>>> print(open('start.cif').read())   # mmCIF, C-alpha atoms
data_upload
#
loop_
_atom_site.label_atom_id
_atom_site.label_comp_id
_atom_site.auth_asym_id
_atom_site.auth_seq_id
_atom_site.Cartn_x
_atom_site.Cartn_y
_atom_site.Cartn_z
CA MET A 48 44.73 277.56 273.23
CA LYS A 49 45.59 281.18 272.64
CA LYS A 50 45.65 281.70 276.42
CA VAL A 51 47.97 278.75 276.91
CA ILE A 52 50.33 280.03 274.22
CA LEU A 53 50.19 283.52 275.72
CA SER A 54 50.87 282.16 279.22
CA ALA A 55 53.73 280.03 277.93
CA GLY A 56 55.10 283.10 276.14
CA ALA A 57 54.81 285.16 279.31
CA LEU A 58 56.58 282.44 281.29
CA LEU A 59 59.34 282.26 278.71
CA LEU A 60 59.68 286.05 278.75
CA SER A 61 59.75 286.05 282.52
CA ALA A 62 62.41 283.30 282.56
CA ASN A 63 64.53 285.20 280.03
CA LEU A 64 64.15 288.40 282.05
CA CYS A 65 65.13 286.54 285.19
CA THR A 66 68.22 285.12 283.47
CA ALA A 67 69.09 288.53 282.05
CA GLN A 68 68.80 290.13 285.48
CA ASN A 69 70.83 287.34 287.05
CA THR A 70 73.49 287.97 284.42
CA GLN A 71 73.54 291.61 285.48
CA ALA A 72 73.93 290.53 289.10
CA LYS A 73 76.76 288.17 288.09
CA ASP A 74 78.47 291.02 286.23
CA ILE A 75 78.31 293.21 289.33
CA PHE A 76 79.66 290.38 291.53
CA SER A 77 82.45 289.89 289.02
CA ARG A 78 83.36 293.61 289.00
CA TYR A 79 83.27 293.57 292.81
CA GLU A 80 85.82 290.72 292.78
CA ASP A 81 87.99 292.59 290.24
CA PHE A 82 87.95 295.82 292.25
CA ARG A 83 88.40 294.24 295.68
CA PRO A 84 92.03 294.73 296.73
CA SER A 85 94.06 291.52 297.01
CA GLU A 86 95.47 290.25 300.32
CA ARG A 87 98.87 291.56 299.23
CA GLU A 88 97.43 295.02 298.63
CA LEU A 89 95.83 294.91 302.06
CA THR A 90 99.06 293.94 303.85
CA MET A 91 98.94 297.09 305.96
CA TYR A 92 96.04 295.49 307.81
CA GLN A 93 98.19 292.47 308.62
CA LEU A 94 100.09 294.73 311.01
CA ASP A 95 98.71 294.57 314.51
CA TRP A 96 97.58 298.19 314.79
CA ALA A 97 96.47 299.73 318.05
CA GLU A 98 94.09 302.67 317.97
CA SER A 99 96.18 304.85 320.27
CA LEU A 100 99.52 304.96 322.08
CA GLU A 101 97.70 304.32 325.36
CA VAL A 102 96.21 301.08 324.03
CA ALA A 103 99.58 300.08 322.50
CA LEU A 104 101.44 300.66 325.80
CA GLU A 105 98.90 298.59 327.70
CA ARG A 106 99.11 295.73 325.22
CA ALA A 107 102.92 295.91 324.97
CA ALA A 108 103.25 295.49 328.73
CA LYS A 109 100.73 292.65 328.84
CA GLU A 110 102.06 290.79 325.78
CA SER A 111 105.79 291.61 326.26
CA ARG A 112 106.01 293.10 322.80
CA PRO A 113 107.73 296.22 321.44
CA ILE A 114 105.90 299.15 319.85
CA PHE A 115 106.45 300.63 316.42
CA LEU A 116 105.18 304.19 316.66
CA ILE A 117 104.31 306.43 313.72
CA ILE A 118 104.21 310.13 314.51
CA ILE A 119 102.70 312.39 311.87
CA HIS A 120 103.33 316.08 312.49
CA ALA A 121 100.11 317.30 310.93
CA HIS A 122 96.62 318.16 312.02
CA TYR A 123 95.04 315.63 309.73
CA GLY A 124 95.17 311.98 308.78
CA ASP A 125 94.26 308.72 310.42
CA ILE A 126 96.82 306.07 309.63
CA PHE A 127 94.66 303.50 311.46
CA SER A 128 92.11 303.66 308.63
CA GLY A 129 94.72 304.31 305.94
CA HIS A 130 93.98 308.01 305.46
CA CYS A 131 97.23 309.93 305.47
CA MET B 42 115.39 318.70 306.11
CA GLN B 43 113.05 317.00 308.53
CA SER B 44 109.91 315.44 307.03
CA ASN B 45 106.58 315.50 308.84
CA VAL B 46 106.71 311.78 309.72
CA ASP B 47 108.82 310.28 312.51
CA LEU B 48 109.06 306.59 313.26
CA ALA B 49 109.98 305.32 316.71
CA ILE B 50 110.54 301.98 318.39
CA LEU B 51 109.72 301.53 322.05
CA ASP B 52 110.31 298.50 324.20
CA SER B 53 107.51 296.69 326.00
CA LYS B 54 107.85 299.09 328.96
CA GLY B 55 107.36 302.07 326.69
CA GLU B 56 111.03 303.17 326.77
CA LEU B 57 112.26 304.80 323.57
CA LEU B 58 114.91 302.70 321.83
CA GLN B 59 115.25 304.53 318.55
CA PHE B 60 113.56 307.09 316.39
CA PHE B 61 114.20 308.20 312.84
CA ASP B 62 112.82 310.44 310.16
CA GLY B 63 110.28 308.53 308.06
CA PHE B 64 111.47 310.17 304.85
CA ARG B 65 115.11 311.12 305.44
CA PRO B 66 116.46 311.82 301.95
CA THR B 67 119.89 310.25 302.61
CA HIS B 68 118.54 306.82 301.66
CA ARG B 69 118.42 307.96 298.05
CA GLN B 70 122.06 309.02 298.21
CA ARG B 71 122.88 305.52 299.42
CA GLY B 72 120.86 304.07 296.53
CA GLU B 73 118.27 302.57 298.90
CA SER B 74 114.52 302.46 298.43
CA LEU B 75 112.44 304.02 301.17
CA ALA B 76 111.30 300.51 302.19
CA ALA B 77 114.91 299.27 302.44
CA TYR B 78 115.88 302.33 304.48
CA THR B 79 112.98 301.78 306.90
CA ALA B 80 113.71 298.05 307.21
CA PHE B 81 117.39 298.85 307.97
CA GLU B 82 116.45 301.28 310.75
CA VAL B 83 113.94 298.84 312.22
CA ARG B 84 116.56 296.05 312.19
CA LEU B 85 118.95 298.32 314.10
CA ALA B 86 116.38 298.81 316.83
CA SER B 87 115.27 295.19 316.89
CA SER B 88 118.82 294.10 317.67
CA LEU B 89 118.40 295.97 320.98
CA LEU B 90 115.19 294.13 321.76
CA GLN B 91 115.08 290.85 323.59
CA VAL B 92 111.93 289.59 321.94
CA LYS B 93 111.14 286.34 320.21
CA ARG B 94 110.34 286.33 316.53
CA PRO B 95 106.66 285.43 316.05
CA ALA B 96 106.13 281.82 315.00
CA ALA B 97 103.93 282.82 312.09
CA MET B 98 102.97 285.95 310.21
CA PRO B 99 99.94 287.60 311.78
CA LYS B 100 96.64 287.01 310.03
CA LEU B 101 95.14 289.69 307.83
CA GLU B 102 92.43 291.32 309.91
CA LEU B 103 90.42 294.01 308.19
CA PRO B 104 88.56 296.64 310.19
CA ASP B 105 85.27 295.14 311.27
CA LEU B 106 82.32 295.76 313.55
CA PRO B 107 82.60 294.45 317.09
CA LYS B 108 78.86 293.72 316.95
CA GLY B 109 75.79 294.48 314.85
CA THR B 110 75.69 294.84 311.10
CA GLY B 111 77.05 297.34 308.64
CA ILE B 112 78.95 297.93 305.44
CA ARG B 113 82.68 297.74 304.81
CA VAL B 114 83.98 300.20 302.21
CA MET B 115 87.34 299.94 300.44
CA VAL B 116 88.44 302.92 298.38
CA ARG B 117 91.41 303.74 296.20
CA LEU B 118 92.40 306.44 293.77
CA MET B 119 94.18 305.05 290.74
CA ASP B 120 96.84 307.74 290.51
CA ASP B 121 99.91 306.49 288.66
CA ARG B 122 101.99 309.49 289.80
CA MET B 123 101.10 309.33 293.49
CA VAL B 124 101.03 305.54 293.82
CA ALA B 125 100.44 305.70 297.57
CA TYR B 126 96.88 306.74 296.73
CA GLN B 127 96.34 303.35 295.12
CA ALA B 128 96.75 301.73 298.54
CA PRO B 129 93.25 300.84 299.70
CA VAL B 130 91.59 302.56 302.61
CA VAL B 131 89.21 300.34 304.57
CA GLU B 132 86.35 301.78 306.61
CA VAL B 133 83.44 300.03 308.24
CA VAL B 134 80.15 301.79 308.88
CA PRO B 135 77.58 300.43 311.35
CA LEU B 136 73.99 300.42 310.08
CA THR B 137 70.72 300.38 311.96
CA LYS B 138 67.53 298.45 311.18
CA GLU B 139 66.14 301.67 309.71
CA ASP B 140 69.12 301.94 307.35
CA TRP B 141 68.55 298.38 306.11
CA LYS B 142 64.80 299.00 305.69
CA LYS B 143 65.63 301.47 302.89
CA LEU B 144 67.17 298.54 301.03
CA ALA B 145 64.26 296.12 301.58
CA TYR B 146 63.33 293.84 298.69
CA PRO B 147 61.44 295.69 295.94
CA GLN B 148 58.40 293.82 294.66
CA LYS B 149 58.67 296.10 291.66
CA GLU B 150 61.18 298.71 290.53
CA ARG B 151 61.60 301.42 293.17
CA ARG B 152 63.47 304.73 293.34
CA LEU B 153 65.87 305.56 296.12
CA GLU B 154 67.76 308.78 296.74
CA ALA B 155 71.54 308.64 297.24
CA ARG B 156 71.14 311.08 300.13
CA ASP B 157 69.34 308.30 302.06
CA LEU B 158 72.50 306.16 301.80
CA LYS B 159 74.90 308.99 302.70
CA LYS B 160 75.99 307.20 305.87
CA TRP B 161 78.14 304.78 303.84
CA LEU B 162 78.44 306.47 300.45
CA CYS B 163 80.23 309.41 302.14
CA GLN B 164 83.27 307.18 302.67
CA VAL B 165 84.06 307.32 298.95
CA TYR B 166 86.89 309.85 298.80
CA PRO B 167 90.64 309.51 298.14
CA SER B 168 92.96 308.22 300.85
CA GLY B 169 95.21 311.28 300.70
CA VAL B 170 93.56 313.66 303.11
CA MET B 171 95.71 316.56 301.95
CA GLU B 172 93.64 316.54 298.78
CA ARG B 173 90.84 318.52 300.33
CA THR B 174 91.46 320.16 303.68
CA ASN B 175 90.22 323.31 305.30
CA PRO B 176 93.17 325.75 305.08
CA GLN B 177 92.32 327.27 308.47
CA THR B 178 91.57 324.22 310.61
CA LYS B 179 93.64 321.69 308.56
CA LYS B 180 90.75 319.28 309.00
CA VAL B 181 89.66 317.15 306.07
CA TYR B 182 86.54 318.35 304.33
CA GLN B 183 83.82 315.79 304.95
CA ILE B 184 81.41 314.75 302.24
CA ALA B 185 78.49 317.12 302.75
CA SER B 186 76.08 315.55 300.29
CA THR B 187 75.52 312.45 298.19
CA GLU B 188 72.99 313.14 295.47
CA GLY B 189 71.39 311.16 292.69
CA THR B 190 68.39 309.00 292.00
CA LEU B 191 69.06 305.28 292.23
CA ILE B 192 66.86 302.47 290.98
CA LEU B 193 66.32 299.32 293.03
CA THR B 194 65.14 296.50 290.75
CA PRO B 195 64.18 292.88 291.49
CA ALA B 196 66.75 290.68 289.77
CA GLY B 197 65.49 287.12 289.92
CA GLY B 198 66.75 284.40 292.18
CA ASP B 199 67.86 280.83 292.48
CA GLY B 200 65.28 279.26 294.77
CA ALA B 201 66.89 279.74 298.16
CA GLN B 202 67.73 283.38 297.54
CA HIS B 203 66.55 286.24 295.46
CA TYR B 204 68.37 289.35 294.33
CA ALA B 205 67.85 293.03 293.68
CA ILE B 206 70.11 295.45 291.87
CA LEU B 207 70.63 299.02 293.05
CA ARG B 208 72.05 301.18 290.32
CA GLY B 209 72.57 304.84 289.46
CA LYS B 210 74.84 307.83 289.31
CA VAL B 211 75.96 309.42 292.58
CA ARG B 212 77.45 312.89 292.94
CA LEU B 213 79.52 313.54 296.06
CA THR B 214 80.10 317.12 297.19
CA ASP B 215 82.39 318.04 300.06
CA GLU B 216 81.92 320.84 302.58
CA GLY B 217 84.52 323.16 301.00
CA ALA B 218 83.23 326.58 300.02
CA ASP B 219 84.15 326.06 296.35
CA GLY B 220 81.46 323.40 295.80
CA PHE B 221 84.00 320.73 294.82
CA SER B 222 82.31 317.53 293.66
CA TYR B 223 82.82 314.37 291.64
CA ASP B 224 80.57 311.56 290.53
CA GLY B 225 80.46 307.92 289.56
CA LYS B 226 78.37 304.88 288.84
CA LEU B 227 77.07 302.85 291.76
CA GLU B 228 76.11 299.21 291.20
CA ILE B 229 75.08 296.99 294.10
CA VAL B 230 73.61 293.50 294.34
CA LEU B 231 71.48 292.79 297.38
CA THR B 232 70.64 289.24 298.43
CA TYR B 233 67.46 288.28 300.27
CA GLY B 234 66.19 285.01 301.71
CA ALA B 235 63.26 283.38 299.88
CA ASP B 236 60.04 285.36 300.61
CA GLN B 237 61.93 287.79 302.82
CA ALA B 238 62.12 291.56 302.42
CA LYS B 239 65.10 292.06 304.71
CA ALA B 240 68.46 292.14 302.94
CA LEU B 241 70.85 289.34 303.90
CA SER B 242 73.93 290.68 302.18
CA LEU B 243 75.20 293.37 299.86
CA ARG B 244 78.10 293.52 297.40
CA GLY B 245 78.88 296.20 294.86
CA THR B 246 81.10 298.82 293.34
CA PHE B 247 81.51 302.52 292.69
CA GLU B 248 83.40 303.64 289.59
CA GLY B 249 84.01 307.35 289.48
CA ILE B 250 86.23 310.07 288.10
CA TYR B 251 88.04 312.27 290.61
CA PRO B 252 89.48 315.59 289.41
CA ARG B 253 92.85 315.87 291.17
CA THR B 254 94.44 319.30 290.96
CA ASP B 255 98.17 319.83 291.13
CA ARG B 256 98.27 323.27 292.75
CA ARG B 257 101.90 323.91 291.81
CA LYS B 258 101.31 323.21 288.13
CA ASN B 259 97.74 324.47 288.26
CA ARG B 260 96.65 321.41 286.30
CA THR B 261 93.79 319.00 286.90
CA ARG B 262 93.94 315.32 286.01
CA GLU B 263 90.89 313.09 285.95
CA LEU B 264 91.65 309.90 287.86
CA ALA B 265 89.66 306.72 288.42
CA LEU B 266 88.23 306.50 291.92
CA GLN B 267 87.18 302.94 292.78
CA ALA B 268 85.31 301.59 295.75
CA ILE B 269 83.80 298.30 296.77
CA PHE B 270 81.06 297.74 299.32
CA GLU B 271 80.43 294.56 301.29
CA SER B 272 77.97 293.98 304.08
CA ARG B 273 79.21 292.81 307.46
CA PRO B 274 79.05 290.26 308.93
CA MET B 275 77.84 288.63 305.68
#
>>> encode(input="start.cif", output="structure tokens")
Amino acid sequence: MKKVILSAGALLLSANLCTAQNTQAKDIFSRYEDFRPSERELTMYQLDWAESLEVALERAAKESRPIFLIIIHAHYGDIFSGHC
Amino acid sequence: MQSNVDLAILDSKGELLQFFDGFRPTHRQRGESLAAYTAFEVRLASSLLQVKRPAAMPKLELPDLPKGTGIRVMVRLMDDRMVAYQAPVVEVVPLTKEDWKKLAYPQKERRLEARDLKKWLCQVYPSGVMERTNPQTKKVYQIASTEGTLILTPAGGDGAQHYAILRGKVRLTDEGADGFSYDGKLEIVLTYGADQAKALSLRGTFEGIYPRTDRRKNRTRELALQAIFESRPM
């Protein structure tokens, strides 16, 4: 009987631990959702960026579209990834 | 005074139609926002273009991997004075089978070193590259090391899937000679198929404090640096 009670206790403990750990996972998922930028905040990626002027010129000719060119006079930055 | 950003509009043949200073200060004199000034200049050029307006707004397409698997990282520095730094930077890092093996399901609690995850943790730095650049080469200092002991713990499951939590403090140090570094709390949930060691997906966050120094005022402010991580393609 003692064994059964002990086993039941262990199962209960294990279930509680499992729930507690799942709660932690849920909390992390929830923080991830809170931190993840909204679609509005990611609007820059709605623009149809090309990686280089060469690629843009090729696509512009093929798709009959104009080009909006950003020229940064600096040795650093990569506007394609958002680093400026 | 000319700023260091020029904007130009070319037609589909690559001919220059118009260019203008990205930050010409006259817009302020006219009481315009920078956005309104830019939109005005773009409208001027677009009147010269014989192009059709797109039927619908383009879809939001975040940087992604053309093939294979990896991790997408989104980072922003919550600076209320330099609000541009709050705009998220999105990077995607391809991972190999070996990289994923490090994150295999832990039958029991297991330690992992942040240096083993440097490939994707090194993307956690502010969007403004002028923050930390080599004064000689003008190149951005890369993150030289990611240090800290992380704990990977089994975290139950729901029948079809089971979870593990990776948690710990990570210190990031860049390659500058002054040993500049900052740290934060990493919390990741990994999902695995039932009875499988290989991770199916990953979601998590980094919450850190970034010491941003205003060189003119010689003052340092501690700002929240936030990142999220999500596996790709799942």
>>> closest_atom_pairs(input="start.cif", of="chain B", to="chain A", cutoff="7 Å", atoms="only C-alpha atoms", output="Markdown table")
| residue | atom | partner | partner_atom | distance |
| --- | --- | --- | --- | --- |
| B:Asn45 | CA | A:His120 | CA | 4.9 |
| B:Val46 | CA | A:Ile119 | CA | 4.6 |
| B:Asp47 | CA | A:Ile118 | CA | 5.0 |
| B:Leu48 | CA | A:Ile117 | CA | 4.8 |
| B:Ala49 | CA | A:Leu116 | CA | 4.9 |
| B:Ile50 | CA | A:Phe115 | CA | 4.7 |
| B:Leu51 | CA | A:Ile114 | CA | 5.0 |
| B:Asp52 | CA | A:Pro113 | CA | 4.4 |
| B:Ser53 | CA | A:Pro113 | CA | 4.6 |
| B:Lys54 | CA | A:Ala108 | CA | 5.8 |
| B:Gly55 | CA | A:Leu104 | CA | 6.2 |
| B:Val92 | CA | A:Arg112 | CA | 6.9 |
| B:Pro99 | CA | A:Gln93 | CA | 6.1 |
| B:Lys100 | CA | A:Gln93 | CA | 5.8 |
| B:Leu101 | CA | A:Gln93 | CA | 4.2 |
| B:Glu102 | CA | A:Tyr92 | CA | 5.9 |
| B:Leu103 | CA | A:Tyr92 | CA | 5.8 |
| B:Ala128 | CA | A:Glu88 | CA | 6.7 |
| B:Pro129 | CA | A:Leu89 | CA | 6.9 |
| B:Val130 | CA | A:Gly129 | CA | 4.9 |
| B:Val131 | CA | A:Ser128 | CA | 6.0 |
| B:Glu132 | CA | A:Ser128 | CA | 6.4 |
| B:Ser168 | CA | A:His130 | CA | 4.7 |
| B:Gly169 | CA | A:Cys131 | CA | 5.4 |
| B:Val170 | CA | A:Cys131 | CA | 5.7 |
| B:Lys179 | CA | A:His122 | CA | 5.8 |
| B:Lys180 | CA | A:Tyr123 | CA | 5.7 |
| B:Val181 | CA | A:Tyr123 | CA | 6.7 |
| B:Ala196 | CA | A:Gln68 | CA | 4.8 |
| B:Gly197 | CA | A:Cys65 | CA | 4.8 |
| B:Ile206 | CA | A:Ala72 | CA | 6.8 |
| B:Glu228 | CA | A:Ile75 | CA | 6.7 |
| B:Ile229 | CA | A:Ile75 | CA | 6.9 |
| B:Val230 | CA | A:Ala72 | CA | 6.0 |
| B:Arg244 | CA | A:Phe76 | CA | 6.8 |
| B:Gly245 | CA | A:Tyr79 | CA | 5.5 |
| B:Thr246 | CA | A:Tyr79 | CA | 5.7 |
| B:Ile269 | CA | A:Tyr79 | CA | 6.2 |
>>> axis_aligned_box(input="start.cif", around="region 72-79 of chain A", padding_each_side="5 Å", output="AutoDock Vina command-line options")
--center_x 78.6 --center_y 290.9 --center_z 289.5 --size_x 19.4 --size_y 15.4 --size_z 16.6
>>> atom_distance(input="start.cif", atom1="CA of Ala268 (chain B)", atom2="CA of Pro147 (chain B)")
24.6 Å
>>> residues_around(input="start.cif", residues="Gly111 (chain B)", least_positions_apart="3", cutoff="7 Å", atoms="only C-alpha atoms", output="list of chain:residue names")
B:Val133, B:Val134, B:Pro135, B:Leu136, B:Ser272, B:Arg273
>>> resolve_selection(input="start.cif", expression="the PyMOL selection byres ((chain B and resi 201) around 7)", output="list in words")
Asp199, Gly200, Gln202, Gly234 and Ala235 of chain B
>>> write_last_selection(input="start.cif", atoms="C-alpha atoms", output="PDB file, in the frame of the given file")
ATOM      1  CA  ASP B 199      67.860 280.830 292.480  1.00  0.00           C
ATOM      2  CA  GLY B 200      65.280 279.260 294.770  1.00  0.00           C
ATOM      3  CA  GLN B 202      67.730 283.380 297.540  1.00  0.00           C
ATOM      4  CA  GLY B 234      66.190 285.010 301.710  1.00  0.00           C
ATOM      5  CA  ALA B 235      63.260 283.380 299.880  1.00  0.00           C
TER       6      ALA B 235
END
>>> atom_distance(input="start.cif", atom1="CA of Arg117 (chain B)", atom2="CA of Pro167 (chain B)")
6.1 Å
>>> residues_around(input="start.cif", residues="Leu118 (chain B)", least_positions_apart="4", cutoff="7 Å", atoms="all atoms listed in the file", output="PyMOL selection string")
chain B and resi 126-127+167+264-267
>>> atom_distance(input="start.cif", atom1="CA of Pro252 (chain B)", atom2="CA of Trp161 (chain B)")
21.3 Å
>>> closest_residue(input="start.cif", among="B:Asp121, B:Val116, B:Leu243, B:Gly220", to="Pro274 (chain B)", atoms="all atoms listed in the file")
B:Leu243
>>> decode(input="start.cif", residues="region 171-195 of chain B", atoms="N, CA and C atoms", output="PDB file, in the first residue's frame")
ATOM      1  N   MET B 171      26.833  52.695 -36.324  1.00  0.00           N
ATOM      2  CA  MET B 171      27.812  53.701 -35.892  1.00  0.00           C
ATOM      3  C   MET B 171      28.128  53.557 -34.404  1.00  0.00           C
ATOM      4  N   GLU B 172      27.305  52.771 -33.716  1.00  0.00           N
ATOM      5  CA  GLU B 172      27.523  52.582 -32.291  1.00  0.00           C
ATOM      6  C   GLU B 172      28.921  52.089 -31.982  1.00  0.00           C
ATOM      7  N   ARG B 173      29.347  51.108 -32.729  1.00  0.00           N
ATOM      8  CA  ARG B 173      30.634  50.462 -32.453  1.00  0.00           C
ATOM      9  C   ARG B 173      31.321  50.161 -33.774  1.00  0.00           C
ATOM     10  N   THR B 174      32.166  51.089 -34.212  1.00  0.00           N
ATOM     11  CA  THR B 174      32.896  50.856 -35.464  1.00  0.00           C
ATOM     12  C   THR B 174      34.383  51.069 -35.236  1.00  0.00           C
ATOM     13  N   ASN B 175      35.148  50.407 -36.041  1.00  0.00           N
ATOM     14  CA  ASN B 175      36.593  50.566 -35.992  1.00  0.00           C
ATOM     15  C   ASN B 175      36.933  51.952 -36.552  1.00  0.00           C
ATOM     16  N   PRO B 176      37.578  52.829 -35.784  1.00  0.00           N
ATOM     17  CA  PRO B 176      37.832  54.184 -36.282  1.00  0.00           C
ATOM     18  C   PRO B 176      38.728  54.227 -37.513  1.00  0.00           C
ATOM     19  N   GLN B 177      39.572  53.215 -37.698  1.00  0.00           N
ATOM     20  CA  GLN B 177      40.448  53.210 -38.874  1.00  0.00           C
ATOM     21  C   GLN B 177      39.719  52.679 -40.119  1.00  0.00           C
ATOM     22  N   THR B 178      39.126  51.502 -39.996  1.00  0.00           N
ATOM     23  CA  THR B 178      38.531  50.873 -41.184  1.00  0.00           C
ATOM     24  C   THR B 178      37.082  51.304 -41.407  1.00  0.00           C
ATOM     25  N   LYS B 179      36.426  51.861 -40.385  1.00  0.00           N
ATOM     26  CA  LYS B 179      35.007  52.247 -40.414  1.00  0.00           C
ATOM     27  C   LYS B 179      34.097  51.032 -40.533  1.00  0.00           C
ATOM     28  N   LYS B 180      34.662  49.861 -40.296  1.00  0.00           N
ATOM     29  CA  LYS B 180      33.845  48.641 -40.342  1.00  0.00           C
ATOM     30  C   LYS B 180      33.264  48.403 -38.950  1.00  0.00           C
ATOM     31  N   VAL B 181      32.072  47.838 -38.937  1.00  0.00           N
ATOM     32  CA  VAL B 181      31.411  47.541 -37.657  1.00  0.00           C
ATOM     33  C   VAL B 181      32.182  46.456 -36.905  1.00  0.00           C
ATOM     34  N   TYR B 182      32.348  46.681 -35.619  1.00  0.00           N
ATOM     35  CA  TYR B 182      32.962  45.617 -34.813  1.00  0.00           C
ATOM     36  C   TYR B 182      31.989  44.430 -34.752  1.00  0.00           C
ATOM     37  N   GLN B 183      32.480  43.272 -35.083  1.00  0.00           N
ATOM     38  CA  GLN B 183      31.659  42.062 -34.994  1.00  0.00           C
ATOM     39  C   GLN B 183      31.665  41.573 -33.550  1.00  0.00           C
ATOM     40  N   ILE B 184      30.686  40.753 -33.215  1.00  0.00           N
ATOM     41  CA  ILE B 184      30.684  40.142 -31.887  1.00  0.00           C
ATOM     42  C   ILE B 184      31.771  39.064 -31.884  1.00  0.00           C
ATOM     43  N   ALA B 185      32.754  39.250 -31.022  1.00  0.00           N
ATOM     44  CA  ALA B 185      33.891  38.316 -30.983  1.00  0.00           C
ATOM     45  C   ALA B 185      33.586  37.098 -30.117  1.00  0.00           C
ATOM     46  N   SER B 186      32.789  37.302 -29.055  1.00  0.00           N
ATOM     47  CA  SER B 186      32.501  36.144 -28.211  1.00  0.00           C
ATOM     48  C   SER B 186      31.115  36.240 -27.580  1.00  0.00           C
ATOM     49  N   THR B 187      30.524  35.075 -27.398  1.00  0.00           N
ATOM     50  CA  THR B 187      29.263  34.954 -26.656  1.00  0.00           C
ATOM     51  C   THR B 187      29.555  33.963 -25.534  1.00  0.00           C
ATOM     52  N   GLU B 188      29.490  34.435 -24.313  1.00  0.00           N
ATOM     53  CA  GLU B 188      29.892  33.592 -23.183  1.00  0.00           C
ATOM     54  C   GLU B 188      28.752  33.432 -22.182  1.00  0.00           C
ATOM     55  N   GLY B 189      28.785  32.311 -21.503  1.00  0.00           N
ATOM     56  CA  GLY B 189      27.787  32.058 -20.456  1.00  0.00           C
ATOM     57  C   GLY B 189      27.369  30.605 -20.480  1.00  0.00           C
ATOM     58  N   THR B 190      27.019  30.105 -19.314  1.00  0.00           N
ATOM     59  CA  THR B 190      26.559  28.720 -19.251  1.00  0.00           C
ATOM     60  C   THR B 190      25.038  28.713 -19.282  1.00  0.00           C
ATOM     61  N   LEU B 191      24.506  27.937 -20.201  1.00  0.00           N
ATOM     62  CA  LEU B 191      23.052  27.849 -20.360  1.00  0.00           C
ATOM     63  C   LEU B 191      22.597  26.465 -19.912  1.00  0.00           C
ATOM     64  N   ILE B 192      21.370  26.403 -19.460  1.00  0.00           N
ATOM     65  CA  ILE B 192      20.826  25.108 -19.013  1.00  0.00           C
ATOM     66  C   ILE B 192      19.686  24.708 -19.947  1.00  0.00           C
ATOM     67  N   LEU B 193      19.782  23.496 -20.461  1.00  0.00           N
ATOM     68  CA  LEU B 193      18.721  22.946 -21.321  1.00  0.00           C
ATOM     69  C   LEU B 193      17.959  21.906 -20.496  1.00  0.00           C
ATOM     70  N   THR B 194      16.679  22.179 -20.264  1.00  0.00           N
ATOM     71  CA  THR B 194      15.885  21.349 -19.344  1.00  0.00           C
ATOM     72  C   THR B 194      14.673  20.763 -20.057  1.00  0.00           C
ATOM     73  N   PRO B 195      14.376  19.466 -19.842  1.00  0.00           N
ATOM     74  CA  PRO B 195      13.114  18.938 -20.397  1.00  0.00           C
ATOM     75  C   PRO B 195      11.946  19.692 -19.765  1.00  0.00           C
TER      76      PRO B 195
END
